[in-house]
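*Asks:* work01.cif is reproduced in full below (mmCIF, C-alpha atoms).
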data_structure
#
loop_
_atom_site.label_atom_id
_atom_site.label_comp_id
_atom_site.auth_asym_id
_atom_site.auth_seq_id
_atom_site.Cartn_x
_atom_site.Cartn_y
_atom_site.Cartn_z
CA MET W 1458 10.42 116.92 304.77
CA ILE W 1459 9.60 114.54 301.91
CA ALA W 1460 11.10 116.82 299.26
CA SER W 1461 14.32 117.39 301.22
CA VAL W 1462 14.71 113.66 301.92
CA PHE W 1463 14.47 112.77 298.24
CA ARG W 1464 16.77 115.62 297.17
CA SER W 1465 19.41 114.43 299.63
CA ALA W 1466 18.87 110.79 298.65
CA TYR W 1467 19.29 111.63 294.95
CA GLY W 1468 22.52 113.55 295.52
CA PHE W 1469 23.86 110.78 297.72
CA PHE W 1470 23.06 108.11 295.13
CA ARG W 1471 24.76 110.10 292.35
CA LYS W 1472 27.94 110.33 294.42
CA TYR W 1473 28.06 106.81 295.86
CA TRP W 1474 26.18 104.70 293.32
CA ILE W 1475 29.10 102.40 292.54
CA THR W 1476 29.86 101.76 296.22
CA LEU W 1477 26.17 101.24 296.99
CA ILE W 1478 25.59 98.80 294.15
CA LEU W 1479 28.68 96.78 295.08
CA ALA W 1480 27.59 96.70 298.73
CA LEU W 1481 24.08 95.68 297.64
CA MET W 1482 25.42 92.82 295.55
CA LEU W 1483 27.66 91.55 298.36
CA THR W 1484 24.94 91.71 301.02
CA VAL W 1485 21.30 91.62 299.91
CA GLY W 1486 22.04 90.23 296.44
CA THR W 1487 24.21 87.38 297.69
CA THR W 1488 21.93 86.33 300.53
CA GLU W 1489 18.82 86.54 298.33
CA ALA W 1490 20.48 84.55 295.55
CA LEU W 1491 21.72 81.80 297.86
CA PHE W 1492 19.08 81.66 300.57
CA GLY W 1493 15.98 83.38 299.20
CA SER W 1494 12.71 81.56 298.59
CA ARG W 1495 13.63 80.99 294.95
CA TYR W 1496 17.16 79.72 295.66
CA PRO W 1497 17.06 77.95 299.05
CA VAL W 1498 20.59 76.55 299.17
CA VAL W 1499 20.18 75.42 302.77
CA VAL W 1500 17.07 73.44 301.88
CA ILE W 1501 18.73 71.93 298.81
CA ILE W 1502 21.66 70.75 300.91
CA SER W 1503 19.49 69.24 303.62
CA GLY W 1504 16.81 67.89 301.32
CA LYS W 1505 14.00 69.14 303.55
CA ASN W 1506 12.37 72.35 304.64
CA ASP W 1507 11.97 72.30 308.42
CA TYR W 1508 11.43 75.14 310.86
CA VAL W 1509 15.07 75.38 311.92
CA LEU W 1510 16.28 75.80 308.35
CA THR W 1511 13.52 78.29 307.61
CA LEU W 1512 14.59 80.35 310.61
CA LEU W 1513 18.24 80.06 309.57
CA ARG W 1514 17.41 81.33 306.08
CA LEU W 1515 15.43 84.19 307.56
CA ILE W 1516 18.31 85.21 309.83
CA ILE W 1517 20.78 85.12 306.91
CA LEU W 1518 18.46 87.21 304.75
CA LEU W 1519 17.96 89.71 307.58
CA ALA W 1520 21.73 89.87 308.07
CA GLY W 1521 22.16 90.84 304.42
CA VAL W 1522 19.47 93.50 304.57
CA GLY W 1523 20.70 94.80 307.93
CA MET W 1524 24.30 95.08 306.76
CA PHE W 1525 23.32 96.97 303.64
CA GLU W 1526 21.01 99.36 305.47
CA GLY W 1527 23.73 99.87 308.07
CA ILE W 1528 26.37 100.61 305.43
CA THR W 1529 24.01 103.01 303.68
CA VAL W 1530 23.09 105.02 306.76
CA ARG W 1531 26.68 105.13 307.99
CA LEU W 1532 27.88 106.40 304.60
CA ALA W 1533 25.10 109.00 304.60
CA LEU W 1534 26.04 110.05 308.12
CA ARG W 1535 29.69 110.30 307.08
CA GLU W 1536 28.71 112.47 304.14
CA VAL W 1537 26.59 114.80 306.28
CA GLN W 1538 29.18 115.09 309.06
CA GLY W 1539 32.11 115.36 306.66
CA ASP W 1540 34.30 112.85 308.49
CA ASN W 1541 36.75 110.47 306.80
CA THR W 1542 35.84 107.13 308.36
CA SER W 1543 36.85 104.43 305.89
CA LEU W 1544 34.31 102.02 304.44
CA LEU W 1545 36.34 99.10 305.82
CA ARG W 1546 36.11 100.50 309.34
CA ILE W 1547 32.36 101.04 308.93
CA VAL W 1548 31.94 97.41 307.87
CA ARG W 1549 33.99 96.16 310.83
CA GLN W 1550 31.91 98.22 313.26
CA LEU W 1551 28.67 96.99 311.72
CA LEU W 1552 29.75 93.36 311.92
CA LEU W 1553 30.15 93.81 315.66
CA ARG W 1554 26.63 95.22 315.86
CA LEU W 1555 25.12 92.74 313.41
CA PRO W 1556 23.60 90.43 316.08
CA LEU W 1557 21.79 93.42 317.60
CA ILE W 1558 20.62 94.54 314.16
CA ILE W 1559 19.23 91.08 313.37
CA ILE W 1560 17.42 90.92 316.71
CA VAL W 1561 15.68 94.28 316.24
CA GLU W 1562 14.76 93.31 312.66
CA LEU W 1563 13.17 90.07 313.91
CA LEU W 1564 11.33 91.80 316.73
CA SER W 1565 10.02 94.54 314.45
CA MET W 1566 8.74 91.86 312.05
CA ILE W 1567 6.95 90.13 314.92
CA LEU W 1568 5.39 93.39 316.12
CA VAL W 1569 4.24 94.29 312.62
CA PHE W 1570 2.82 90.79 312.06
CA ALA W 1571 0.98 90.96 315.39
CA GLY W 1572 -0.45 94.33 314.42
CA VAL W 1573 -1.60 93.03 311.06
CA LEU W 1574 -3.27 90.03 312.72
CA ALA W 1575 -5.10 92.34 315.10
CA LEU W 1576 -6.18 94.85 312.46
CA ALA W 1577 -4.55 96.41 309.42
CA ILE W 1578 -4.24 99.82 311.07
CA PRO W 1579 -2.12 98.67 314.07
CA GLY W 1580 0.16 96.91 311.60
CA ILE W 1581 0.67 100.09 309.59
CA ILE W 1582 1.30 102.06 312.78
CA ALA W 1583 3.90 99.51 313.91
CA ILE W 1584 5.65 99.61 310.53
CA VAL W 1585 6.02 103.39 310.69
CA TRP W 1586 6.89 103.58 314.39
CA PHE W 1587 9.67 101.00 314.10
CA ILE W 1588 10.85 101.66 310.57
CA LEU W 1589 14.12 103.21 311.81
CA VAL W 1590 15.26 100.51 314.25
CA VAL W 1591 18.07 99.31 311.97
CA GLN W 1592 19.34 102.86 311.41
CA VAL W 1593 19.32 103.50 315.17
CA ALA W 1594 21.05 100.20 315.92
CA ALA W 1595 23.69 100.86 313.24
CA THR W 1596 24.56 104.42 314.23
CA GLU W 1597 23.77 105.10 317.88
CA GLU W 1598 25.99 103.57 320.54
CA GLN W 1599 25.00 102.02 323.85
CA ARG W 1600 21.31 101.58 323.20
CA GLY W 1601 19.56 98.43 324.41
CA ILE W 1602 16.90 96.67 322.35
CA ILE W 1603 13.96 98.35 324.07
CA ASN W 1604 15.63 101.76 323.85
CA ILE W 1605 16.20 101.25 320.11
CA PHE W 1606 12.47 100.78 319.58
CA ARG W 1607 11.69 103.75 321.82
CA ARG W 1608 14.17 105.87 319.90
CA SER W 1609 12.65 104.92 316.53
CA ARG W 1610 9.17 105.78 317.78
CA ALA W 1611 10.41 109.06 319.29
CA LEU W 1612 12.00 110.05 315.98
CA VAL W 1613 8.82 109.33 314.06
CA LYS W 1614 6.57 111.09 316.58
CA GLY W 1615 5.04 114.19 315.01
CA ARG W 1616 6.20 113.15 311.51
CA PHE W 1617 4.13 109.98 311.10
CA TRP W 1618 2.48 110.93 307.81
CA GLN W 1619 5.67 112.33 306.29
CA VAL W 1620 7.55 109.13 307.11
CA LEU W 1621 4.73 106.97 305.78
CA GLY W 1622 4.54 109.06 302.61
CA SER W 1623 8.29 108.90 302.01
CA MET W 1624 8.36 105.13 302.30
CA LEU W 1625 5.23 104.62 300.18
CA ILE W 1626 6.76 106.72 297.39
CA VAL W 1627 9.84 104.51 297.24
CA ILE W 1628 8.20 101.13 297.98
CA THR W 1629 5.12 101.31 295.73
CA PRO W 1630 6.88 101.14 292.31
CA PHE W 1631 8.80 98.01 293.32
CA ALA W 1632 5.73 96.39 294.88
CA VAL W 1633 3.81 96.97 291.64
CA ALA W 1634 6.72 95.62 289.54
CA TYR W 1635 6.98 92.53 291.76
CA HIS W 1636 3.25 91.92 291.41
CA ILE W 1637 3.34 92.31 287.63
CA ILE W 1638 6.29 89.93 287.23
CA GLY W 1639 4.76 87.43 289.64
CA SER W 1640 1.43 87.53 287.79
CA ALA W 1641 3.20 87.01 284.46
CA ILE W 1642 4.96 83.94 285.84
CA LEU W 1643 1.75 82.46 287.24
CA GLU W 1644 -0.04 83.04 283.94
CA GLY W 1645 2.80 81.49 281.96
CA GLY W 1646 3.77 84.76 280.36
CA ILE W 1647 7.51 84.20 280.95
CA VAL W 1648 8.79 80.98 279.43
CA TYR W 1649 12.50 81.48 278.92
CA GLY W 1650 13.78 80.21 282.27
CA TRP W 1651 14.66 83.68 283.60
CA GLU W 1652 11.54 84.12 285.72
CA ASN W 1653 13.32 83.35 289.00
CA TYR W 1654 15.92 86.01 288.31
CA GLY W 1655 13.26 88.51 287.28
CA ILE W 1656 11.17 88.09 290.39
CA SER W 1657 14.21 88.07 292.69
CA ILE W 1658 15.95 91.15 291.33
CA VAL W 1659 12.99 93.45 292.02
CA PRO W 1660 13.16 93.29 295.85
CA VAL W 1661 16.97 93.43 295.72
CA VAL W 1662 16.96 96.63 293.67
CA GLY W 1663 14.10 97.89 295.82
CA HIS W 1664 16.26 97.51 298.92
CA LEU W 1665 18.82 99.84 297.36
CA PHE W 1666 16.43 102.78 297.21
CA ILE W 1667 14.52 101.88 300.37
CA ALA W 1668 17.79 101.88 302.32
CA ILE W 1669 18.87 105.24 300.88
CA VAL W 1670 15.54 106.93 301.60
CA GLY W 1671 15.41 105.31 305.05
CA ALA W 1672 18.87 106.66 305.83
CA PHE W 1673 17.91 110.23 304.99
CA VAL W 1674 14.57 109.98 306.78
CA TYR W 1675 16.58 108.97 309.86
CA LEU W 1676 19.10 111.78 309.43
CA GLU W 1677 16.38 114.37 308.80
CA LEU W 1678 14.47 113.34 311.91
CA SER W 1679 17.63 113.07 314.03
CA VAL W 1680 18.54 116.66 313.22
CA SER W 1681 15.01 117.96 313.77
CA LYS W 1682 14.71 116.22 317.15
CA LYS W 1683 17.97 117.58 318.59
#
For this file, produce the structure as structure tokens.

*Replies:*
Amino acid sequence: MIASVFRSAYGFFRKYWITLILALMLTVGTTEALFGSRYPVVVIISGKNDYVLTLLRLIILLAGVGMFEGITVRLALREVQGDNTSLLRIVRQLLLRLPLIIIVELLSMILVFAGVLALAIPGIIAIVWFILVVQVAATEEQRGIINIFRRSRALVKGRFWQVLGSMLIVITPFAVAYHIIGSAILEGGIVYGWENYGISIVPVVGHLFIAIVGAFVYLELSVSKK
């Protein structure tokens, strides 16, 4: 499974890289630049960092990530099915489903956090079980919130280690890069005023490849579970 996912992801990226990068810049890039921890526009405007504004920033950031992951999986689905749905129509459909996508993102974060608080292993299990909730919410019609989580878990069932391995392969390089850049900043190794951009661009670029691999993990499992 892992090899086929990455082969498909590579071919997809080669064909759609311009569209994907533009979509990334307009969604994850914009929300991270304006509302991320390094550029909290909402906090700057208000002059304070309260819980409401923190939650608002989180929702905006999740909206950016959710839209990009939704666009990616819908484009991948279009490619696999060979239909001619326009990108504009995909975006319109995703905007209608965006509240649902944000809700499942928030709930999955809470479940993962609760698992990590309990023990590390339940947190890892929750991450893998519910790693496809955005893809399910973006592509499958008429599924309630609970059914979306059940569907994600059902897709992962029997392929837990393959899913975990696929995501670790794509996440680890960016996590290491983020750590290296962050350590350099803390140690004063970057002194030219570009450190904020350096540390912010790593997760943004990481989302590009995480979304692509996540899309093809979803498609691979959807086909195998039919």

*Asks:* Can you work out which one of W:Leu1515, W:Met1566, W:Ala1480, W:Val1462 has the shortest atom-to-atom distance to Ser1623 in chain W, counting all atoms listed in the file?

*Replies:* W:Val1462

*Asks:* When distances are computed from all atoms listed in the file, which of W:Leu1518, W:Ala1672, W:Leu1563, W:Val1585 shows the smallest separation from Phe1469 in chain W?

*Replies:*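 Under the stated criterion, the closest residue is W:Ala1672.
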
*Asks:* Taking the file above as input, evaluate the PyMOL selection byres ((chain W and resi 1626-1632) around 7) and report the hits as an mmCIF file with C-alpha atoms, keeping the file's coordinate frame.

*Replies:*
data_model
loop_
_atom_site.group_PDB
_atom_site.id
_atom_site.type_symbol
_atom_site.label_atom_id
_atom_site.label_comp_id
_atom_site.auth_asym_id
_atom_site.auth_seq_id
_atom_site.Cartn_x
_atom_site.Cartn_y
_atom_site.Cartn_z
ATOM 1 C CA GLY W 1622 4.540 109.060 302.610
ATOM 2 C CA SER W 1623 8.290 108.900 302.010
ATOM 3 C CA MET W 1624 8.360 105.130 302.300
ATOM 4 C CA LEU W 1625 5.230 104.620 300.180
ATOM 5 C CA VAL W 1633 3.810 96.970 291.640
ATOM 6 C CA ALA W 1634 6.720 95.620 289.540
ATOM 7 C CA TYR W 1635 6.980 92.530 291.760
ATOM 8 C CA HIS W 1636 3.250 91.920 291.410
ATOM 9 C CA VAL W 1659 12.990 93.450 292.020
ATOM 10 C CA PRO W 1660 13.160 93.290 295.850
ATOM 11 C CA GLY W 1663 14.100 97.890 295.820
ATOM 12 C CA PHE W 1666 16.430 102.780 297.210
ATOM 13 C CA ILE W 1667 14.520 101.880 300.370
#

*Asks:* Pick from W:Leu1568, W:Arg1616, W:Val1561, W:Thr1511: nearest to Asn1604 in chain W, with all atoms listed in the file counted?

*Replies:*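 So, comparing all the options, the nearest one is W:Val1561.
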
*Asks:* For Val1613 in chain W, which of W:Val1670, W:Leu1479, W:Val1661, W:Leu1589 is the closest residue, counting all atoms listed in the file?

*Replies:*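 Going through W:Val1670, W:Leu1479, W:Val1661, W:Leu1589 one by one, the smallest distance to Val1613 in chain W is for W:Leu1589.
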
*Asks:* Specify as a PDB file with C-alpha atoms, keeping the file's coordinate frame each residue included when the PyMOL selection byres ((chain W and resi 1544-1558) around 6) is applied to this file.

*Replies:*
ATOM      1  CA  SER W1543      36.850 104.430 305.890  1.00  0.00           C
ATOM      2  CA  ILE W1559      19.230  91.080 313.370  1.00  0.00           C
ATOM      3  CA  ILE W1560      17.420  90.920 316.710  1.00  0.00           C
ATOM      4  CA  VAL W1561      15.680  94.280 316.240  1.00  0.00           C
ATOM      5  CA  VAL W1591      18.070  99.310 311.970  1.00  0.00           C
ATOM      6  CA  ALA W1594      21.050 100.200 315.920  1.00  0.00           C
TER       7      ALA W1594
END

*Asks:* Would you write out, as a PyMOL selection string, every residue that the PyMOL selection byres ((chain W and resi 1607) around 12) captures in this file?

*Replies:* chain W and resi 1561+1565+1583+1586-1590+1593-1594+1600-1606+1608-1614

*Asks:* So what do you get for CA of Gly1486 in chain W versus CA of Ala1571 in chain W, distance-wise?

*Replies:* 28.3 Å

*Asks:* Quick one: residues within 12 Å of Gly1468 in chain W, all atoms listed in the file counted, chain neighbours fewer than 2 positions away excluded, as a CSV table (one decimal) with C-alpha atoms, keeping the file's coordinate frame?

*Replies:*
chain,number,residue,atom,x,y,z
W,1461,SER,CA,14.3,117.4,301.2
W,1462,VAL,CA,14.7,113.7,301.9
W,1463,PHE,CA,14.5,112.8,298.2
W,1464,ARG,CA,16.8,115.6,297.2
W,1465,SER,CA,19.4,114.4,299.6
W,1466,ALA,CA,18.9,110.8,298.6
W,1470,PHE,CA,23.1,108.1,295.1
W,1471,ARG,CA,24.8,110.1,292.4
W,1472,LYS,CA,27.9,110.3,294.4
W,1473,TYR,CA,28.1,106.8,295.9
W,1474,TRP,CA,26.2,104.7,293.3
W,1533,ALA,CA,25.1,109.0,304.6
W,1536,GLU,CA,28.7,112.5,304.1
W,1537,VAL,CA,26.6,114.8,306.3
W,1669,ILE,CA,18.9,105.2,300.9
W,1670,VAL,CA,15.5,106.9,301.6
W,1673,PHE,CA,17.9,110.2,305.0

*Asks:* Using all atoms listed in the file, can you tell me which of W:Ala1668, W:Thr1488, W:Ile1581, W:Ile1478 comes closest to Phe1617 in chain W?

*Replies:*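 Nearest candidate to Phe1617 in chain W out of W:Ala1668, W:Thr1488, W:Ile1581, W:Ile1478: W:Ile1581.
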
*Asks:* With distances taken over only C-alpha atoms, which of W:Leu1676, W:Ile1637, W:Leu1665, W:Val1569 is nearest to Arg1535 in chain W?

*Replies:*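 Closest residue, counting only C-alpha atoms: W:Leu1676.
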
*Asks:* Could you jot down the CA of Met1458 in chain W to CA of His1664 in chain W separation for me, Å, one decimal place?

*Replies:*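 Calculated distance between CA of Met1458 in chain W and CA of His1664 in chain W is 21.1 Å.
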
*Asks:* Give me the residues within 7 Å of Phe1525 in chain W as a ChimeraX atom specification, counting only C-alpha atoms and dropping any in the same chain fewer than 4 places off.

*Replies:* /W:1480-1481,1484-1485,1521,1529

*Asks:* Between CA of Ser1681 in chain W and CA of Leu1564 in chain W, what is the spacing in Å?

*Replies:*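 About the pair CA of Leu1564 in chain W and CA of Ser1681 in chain W: they are 26.6 Å apart.
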